[in-house]
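See below for structure_16.pdb, which holds PDB, C-alpha atoms, pLDDT in the B column.
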```pdb
MODEL        1
ATOM      1  CA  MET B   1      87.816  44.260-124.474  1.00 31.00           C
ATOM      2  CA  THR B   2      88.808  40.760-123.505  1.00 30.00           C
ATOM      3  CA  ILE B   3      88.322  39.192-120.111  1.00 32.00           C
ATOM      4  CA  TYR B   4      90.626  36.332-119.221  1.00 29.00           C
ATOM      5  CA  LEU B   5      89.426  33.831-116.657  1.00 31.00           C
ATOM      6  CA  PHE B   6      92.034  31.738-114.953  1.00 30.00           C
ATOM      7  CA  SER B   7      91.681  28.271-113.547  1.00 30.00           C
ATOM      8  CA  SER B   8      92.194  27.957-109.813  1.00 32.00           C
ATOM      9  CA  LYS B   9      94.975  25.477-110.644  1.00 34.00           C
ATOM     10  CA  LYS B  10      97.258  28.367-111.587  1.00 35.00           C
ATOM     11  CA  SER B  11      99.193  30.010-108.826  1.00 40.00           C
ATOM     12  CA  GLY B  12      98.814  33.712-108.082  1.00 41.00           C
ATOM     13  CA  ARG B  13     102.194  34.315-109.737  1.00 40.00           C
ATOM     14  CA  GLU B  14     101.163  32.437-112.907  1.00 38.00           C
ATOM     15  CA  ARG B  15      97.943  34.493-113.102  1.00 37.00           C
ATOM     16  CA  SER B  16      99.951  37.656-112.561  1.00 40.00           C
ATOM     17  CA  ASP B  17     102.397  36.722-115.333  1.00 39.00           C
ATOM     18  CA  ALA B  18      99.539  35.924-117.708  1.00 36.00           C
ATOM     19  CA  CYS B  19      97.836  39.237-116.944  1.00 39.00           C
ATOM     20  CA  GLU B  20     101.115  41.090-117.452  1.00 38.00           C
ATOM     21  CA  SER B  21     101.571  39.532-120.878  1.00 34.00           C
ATOM     22  CA  ARG B  22      98.071  40.644-121.934  1.00 33.00           C
ATOM     23  CA  ARG B  23      98.254  44.275-120.740  1.00 33.00           C
ATOM     24  CA  ASN B  24      98.826  45.568-124.253  1.00 32.00           C
ATOM     25  CA  HIS B  25      95.543  44.003-125.372  1.00 30.00           C
ATOM     26  CA  HIS B  26      93.364  46.215-123.097  1.00 32.00           C
ATOM     27  CA  SER B  27      92.371  43.291-120.936  1.00 31.00           C
ATOM     28  CA  VAL B  28      90.916  42.822-117.515  1.00 38.00           C
ATOM     29  CA  CYS B  29      92.332  39.735-115.869  1.00 38.00           C
ATOM     30  CA  CYS B  30      90.030  38.068-113.414  1.00 40.00           C
ATOM     31  CA  ASP B  31      90.529  35.733-110.528  1.00 39.00           C
ATOM     32  CA  ALA B  32      89.553  32.065-110.762  1.00 35.00           C
ATOM     33  CA  GLN B  33      85.945  32.855-109.903  1.00 39.00           C
ATOM     34  CA  GLY B  34      85.727  35.434-112.713  1.00 43.00           C
ATOM     35  CA  SER B  35      84.870  38.189-110.279  1.00 45.00           C
ATOM     36  CA  GLY B  36      86.548  40.911-112.321  1.00 46.00           C
ATOM     37  CA  GLN B  37      88.562  41.883-109.256  1.00 49.00           C
ATOM     38  CA  GLY B  38      91.826  41.530-111.162  1.00 50.00           C
ATOM     39  CA  ILE B  39      94.024  43.956-113.011  1.00 52.00           C
ATOM     40  CA  TYR B  40      92.317  46.862-114.725  1.00 55.00           C
ATOM     41  CA  ILE B  41      93.597  48.132-118.035  1.00 54.00           C
ATOM     42  CA  PRO B  42      92.637  51.793-118.717  1.00 57.00           C
ATOM     43  CA  GLY B  43      89.800  52.722-121.024  1.00 64.00           C
ATOM     44  CA  ASP B  44      86.681  51.089-119.611  1.00 83.00           C
ATOM     45  CA  LEU B  45      85.712  53.233-116.631  1.00 92.00           C
ATOM     46  CA  THR B  46      81.985  53.753-116.148  1.00 93.00           C
ATOM     47  CA  ALA B  47      79.990  55.613-113.535  1.00 95.00           C
ATOM     48  CA  TYR B  48      76.431  54.519-112.855  1.00 95.00           C
ATOM     49  CA  PHE B  49      73.720  56.874-111.680  1.00 93.00           C
ATOM     50  CA  ILE B  50      70.656  55.086-110.317  1.00 95.00           C
ATOM     51  CA  VAL B  51      67.620  57.274-109.837  1.00 92.00           C
ATOM     52  CA  LEU B  52      64.416  56.698-107.909  1.00 88.00           C
ATOM     53  CA  ILE B  53      61.546  57.015-110.408  1.00 83.00           C
ATOM     54  CA  ASP B  54      58.755  57.602-107.912  1.00 78.00           C
ATOM     55  CA  TRP B  55      59.992  61.198-107.464  1.00 70.00           C
ATOM     56  CA  GLN B  56      56.806  62.370-109.206  1.00 67.00           C
ATOM     57  CA  THR B  57      54.793  61.122-106.238  1.00 68.00           C
ATOM     58  CA  LEU B  58      56.816  63.557-104.130  1.00 71.00           C
ATOM     59  CA  GLY B  59      55.677  66.370-106.387  1.00 78.00           C
ATOM     60  CA  TRP B  60      59.218  67.262-107.435  1.00 78.00           C
ATOM     61  CA  PRO B  61      59.970  68.792-110.845  1.00 83.00           C
ATOM     62  CA  VAL B  62      62.460  67.092-113.196  1.00 83.00           C
ATOM     63  CA  GLY B  63      65.053  69.785-112.401  1.00 86.00           C
ATOM     64  CA  ALA B  64      65.057  68.779-108.748  1.00 84.00           C
ATOM     65  CA  LEU B  65      65.691  65.161-109.722  1.00 83.00           C
ATOM     66  CA  ILE B  66      68.604  66.205-111.931  1.00 87.00           C
ATOM     67  CA  SER B  67      70.025  68.183-109.007  1.00 89.00           C
ATOM     68  CA  GLN B  68      69.870  65.066-106.824  1.00 88.00           C
ATOM     69  CA  GLY B  69      71.890  63.193-109.440  1.00 89.00           C
ATOM     70  CA  VAL B  70      74.473  65.951-109.610  1.00 92.00           C
ATOM     71  CA  HIS B  71      74.817  65.898-105.815  1.00 94.00           C
ATOM     72  CA  ALA B  72      75.243  62.114-105.728  1.00 95.00           C
ATOM     73  CA  SER B  73      77.722  62.076-108.610  1.00 94.00           C
ATOM     74  CA  ILE B  74      79.897  64.818-107.136  1.00 95.00           C
ATOM     75  CA  ALA B  75      79.802  63.122-103.721  1.00 96.00           C
ATOM     76  CA  ALA B  76      80.844  59.752-105.202  1.00 96.00           C
ATOM     77  CA  VAL B  77      83.814  61.346-106.963  1.00 95.00           C
ATOM     78  CA  VAL B  78      84.894  63.568-104.040  1.00 96.00           C
ATOM     79  CA  LYS B  79      84.714  60.668-101.537  1.00 96.00           C
ATOM     80  CA  HIS B  80      87.175  58.754-103.727  1.00 96.00           C
ATOM     81  CA  ILE B  81      89.153  61.658-105.205  1.00 94.00           C
ATOM     82  CA  ALA B  82      92.550  59.999-104.629  1.00 95.00           C
ATOM     83  CA  ASP B  83      91.487  56.639-106.121  1.00 94.00           C
ATOM     84  CA  PRO B  84      93.549  55.978-109.285  1.00 93.00           C
ATOM     85  CA  GLN B  85      90.441  55.179-111.320  1.00 93.00           C
ATOM     86  CA  VAL B  86      88.726  58.426-110.259  1.00 94.00           C
ATOM     87  CA  VAL B  87      91.914  60.332-111.073  1.00 93.00           C
ATOM     88  CA  GLU B  88      91.914  58.767-114.545  1.00 91.00           C
ATOM     89  CA  TYR B  89      88.171  59.308-115.075  1.00 92.00           C
ATOM     90  CA  THR B  90      88.465  63.008-114.216  1.00 91.00           C
ATOM     91  CA  SER B  91      91.810  63.701-115.929  1.00 90.00           C
ATOM     92  CA  ASP B  92      92.014  66.406-118.605  1.00 87.00           C
ATOM     93  CA  GLY B  93      92.388  63.841-121.369  1.00 83.00           C
ATOM     94  CA  GLN B  94      89.287  61.916-120.245  1.00 83.00           C
ATOM     95  CA  LEU B  95      86.815  64.659-119.288  1.00 83.00           C
ATOM     96  CA  GLU B  96      85.215  64.763-122.733  1.00 84.00           C
ATOM     97  CA  ARG B  97      85.035  60.954-122.868  1.00 85.00           C
ATOM     98  CA  MET B  98      83.380  60.160-119.542  1.00 87.00           C
ATOM     99  CA  HIS B  99      81.011  57.206-119.700  1.00 90.00           C
ATOM    100  CA  THR B 100      77.979  57.349-117.421  1.00 92.00           C
ATOM    101  CA  ILE B 101      74.919  55.112-117.491  1.00 93.00           C
ATOM    102  CA  THR B 102      71.682  56.297-115.879  1.00 93.00           C
ATOM    103  CA  LEU B 103      69.401  53.562-114.587  1.00 95.00           C
ATOM    104  CA  GLU B 104      66.115  53.648-112.693  1.00 93.00           C
ATOM    105  CA  VAL B 105      64.643  51.886-109.681  1.00 93.00           C
ATOM    106  CA  ARG B 106      60.926  51.810-108.904  1.00 89.00           C
ATOM    107  CA  ASP B 107      60.923  52.738-105.225  1.00 91.00           C
ATOM    108  CA  GLU B 108      62.972  53.338-102.083  1.00 92.00           C
ATOM    109  CA  PRO B 109      63.216  49.647-101.026  1.00 94.00           C
ATOM    110  CA  HIS B 110      64.517  48.784-104.513  1.00 95.00           C
ATOM    111  CA  LEU B 111      67.167  51.534-104.243  1.00 95.00           C
ATOM    112  CA  HIS B 112      68.290  50.140-100.867  1.00 96.00           C
ATOM    113  CA  GLU B 113      68.366  46.621-102.321  1.00 96.00           C
ATOM    114  CA  VAL B 114      70.658  47.774-105.163  1.00 97.00           C
ATOM    115  CA  ALA B 115      72.866  49.566-102.602  1.00 97.00           C
ATOM    116  CA  GLY B 116      73.092  46.297-100.666  1.00 97.00           C
ATOM    117  CA  ARG B 117      74.123  44.370-103.788  1.00 96.00           C
ATOM    118  CA  LEU B 118      76.842  46.932-104.560  1.00 97.00           C
ATOM    119  CA  THR B 119      78.081  46.797-100.965  1.00 97.00           C
ATOM    120  CA  GLY B 120      78.105  42.990-101.052  1.00 95.00           C
ATOM    121  CA  ALA B 121      80.229  43.084-104.204  1.00 94.00           C
ATOM    122  CA  GLY B 122      82.674  45.570-102.653  1.00 94.00           C
ATOM    123  CA  LEU B 123      81.771  48.343-105.109  1.00 95.00           C
ATOM    124  CA  GLN B 124      81.909  51.902-103.855  1.00 96.00           C
ATOM    125  CA  PHE B 125      79.080  54.404-104.263  1.00 97.00           C
ATOM    126  CA  HIS B 126      77.281  57.306-102.629  1.00 97.00           C
ATOM    127  CA  LEU B 127      73.602  57.123-101.734  1.00 97.00           C
ATOM    128  CA  TRP B 128      72.232  60.653-101.786  1.00 95.00           C
ATOM    129  CA  MET B 129      69.807  61.461 -98.976  1.00 93.00           C
ATOM    130  CA  GLU B 130      67.774  64.608 -99.583  1.00 87.00           C
ATOM    131  CA  GLN B 131      67.598  66.773 -96.484  1.00 88.00           C
ATOM    132  CA  PRO B 132      65.757  67.747 -94.384  1.00 90.00           C
ATOM    133  CA  GLU B 133      63.330  65.048 -95.590  1.00 85.00           C
ATOM    134  CA  ASN B 134      65.991  62.311 -95.207  1.00 90.00           C
ATOM    135  CA  ILE B 135      64.752  60.655 -98.407  1.00 87.00           C
ATOM    136  CA  PRO B 136      67.142  58.572-100.544  1.00 91.00           C
ATOM    137  CA  THR B 137      66.762  59.910-104.076  1.00 90.00           C
ATOM    138  CA  CYS B 138      69.602  58.395-106.065  1.00 93.00           C
ATOM    139  CA  LEU B 139      72.841  56.503-105.961  1.00 96.00           C
ATOM    140  CA  ALA B 140      76.035  57.215-107.891  1.00 97.00           C
ATOM    141  CA  THR B 141      78.878  54.732-108.193  1.00 97.00           C
ATOM    142  CA  LYS B 142      82.552  55.512-108.095  1.00 96.00           C
ATOM    143  CA  PRO B 143      83.870  55.306-111.679  1.00 95.00           C
ATOM    144  CA  SER B 144      85.030  51.715-112.016  1.00 93.00           C
ATOM    145  CA  PRO B 145      85.709  49.181-114.774  1.00 93.00           C
ATOM    146  CA  ARG B 146      82.354  48.331-116.316  1.00 90.00           C
ATOM    147  CA  ASN B 147      82.873  44.582-115.950  1.00 89.00           C
ATOM    148  CA  MET B 148      83.077  44.975-112.167  1.00 90.00           C
ATOM    149  CA  PHE B 149      79.317  45.554-112.093  1.00 90.00           C
ATOM    150  CA  GLY B 150      78.640  42.240-113.859  1.00 83.00           C
ATOM    151  CA  ASN B 151      75.129  41.023-113.107  1.00 89.00           C
ATOM    152  CA  ILE B 152      74.645  43.363-110.146  1.00 93.00           C
ATOM    153  CA  LEU B 153      72.785  46.007-112.179  1.00 94.00           C
ATOM    154  CA  LYS B 154      71.598  43.782-115.013  1.00 92.00           C
ATOM    155  CA  ASP B 155      67.931  43.834-113.917  1.00 93.00           C
ATOM    156  CA  LEU B 156      67.709  47.648-113.934  1.00 96.00           C
ATOM    157  CA  LYS B 157      66.275  49.589-116.877  1.00 94.00           C
ATOM    158  CA  LEU B 158      67.752  52.674-118.486  1.00 94.00           C
ATOM    159  CA  PHE B 159      66.155  55.848-117.123  1.00 89.00           C
ATOM    160  CA  LYS B 160      63.823  57.437-119.674  1.00 83.00           C
TER     161      LYS B 160
ENDMDL
END
```

Take the structure in the file and write it out as structure tokens.
Amino acid sequence: MTIYLFSSKKSGRERSDACESRRNHHSVCCDAQGSGQGIYIPGDLTAYFIVLIDWQTLGWPVGALISQGVHASIAAVVKHIADPQVVEYTSDGQLERMHTITLEVRDEPHLHEVAGRLTGAGLQFHLWMEQPENIPTCLATKPSPRNMFGNILKDLKLFK
């Protein structure tokens, strides 16, 4: 995939024309700040699942943690079911090619901090709160172009 960054000297129309001419190259065209908020070309949708790793201190089995992730993932998709990227991600032709990345956070404050970063970047997600305990256990993002997450999740480790 190629990401094209445009100088702020180009007008919105010039950026739009340049993005249009690159659509056949599976590109994401960014704004002048390189935010990735530009045109999305299909094929790079990713959902992130961010799990709280101190679940063992709660005395929960691994199966319960997996259930929390399932709840969060379903909620993130259902909340945005009409979004074109969710429609694409869940379409018949894409179901066997879904791309999900599972990351871990060390504790509840870290999970809230990641949620704040996603909110600040305008990325949509669902923070699952286990009831009746009212404990945040995981966060699932709406399937979105992978480049949209940029450095927001870069400090998180893969869940093992």

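Nearest to Lys79 (chain B) of all the residues B:Pro109, B:Pro143, B:Gly122, B:Gly93 is B:Pro143, based on all atoms listed in the file.
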
Item to check | Ground truth for the PyMOL selection byres ((chain B and resi 71) around 10), written as a PyMOL selection string | outcome: chain B and resi 65-70+72-76+126-130+138-140

Within 12 Å of Leu45 (chain B), counting only C-alpha atoms, which residues qualify if same-chain residues fewer than 6 places away don't, as a compact mmCIF listing (two decimals) with C-alpha atoms, keeping the file's coordinate frame?
```txt
# COMPACT_ATOMS: atom_id res chain seq x y z
CA VAL B 28 90.92 42.82 -117.52
CA PRO B 84 93.55 55.98 -109.28
CA GLN B 85 90.44 55.18 -111.32
CA VAL B 86 88.73 58.43 -110.26
CA VAL B 87 91.91 60.33 -111.07
CA GLU B 88 91.91 58.77 -114.54
CA TYR B 89 88.17 59.31 -115.08
CA THR B 90 88.46 63.01 -114.22
CA GLN B 94 89.29 61.92 -120.24
CA LEU B 95 86.82 64.66 -119.29
CA ARG B 97 85.04 60.95 -122.87
CA MET B 98 83.38 60.16 -119.54
CA HIS B 99 81.01 57.21 -119.70
CA THR B 100 77.98 57.35 -117.42
CA ILE B 101 74.92 55.11 -117.49
CA THR B 141 78.88 54.73 -108.19
CA LYS B 142 82.55 55.51 -108.10
CA PRO B 143 83.87 55.31 -111.68
CA SER B 144 85.03 51.72 -112.02
CA PRO B 145 85.71 49.18 -114.77
CA ARG B 146 82.35 48.33 -116.32
CA ASN B 147 82.87 44.58 -115.95
CA MET B 148 83.08 44.98 -112.17
CA PHE B 149 79.32 45.55 -112.09
```

Checklist entry - Could you work out how far CA of Tyr48 (chain B) lies from CA of Trp60 (chain B), giving the answer in Å with one decimal? => result 22.1 Å

Checklist entry - How many Å lie between CA of Glu133 (chain B) and CA of Arg106 (chain B), rounded to one decimal? => result 18.9 Å
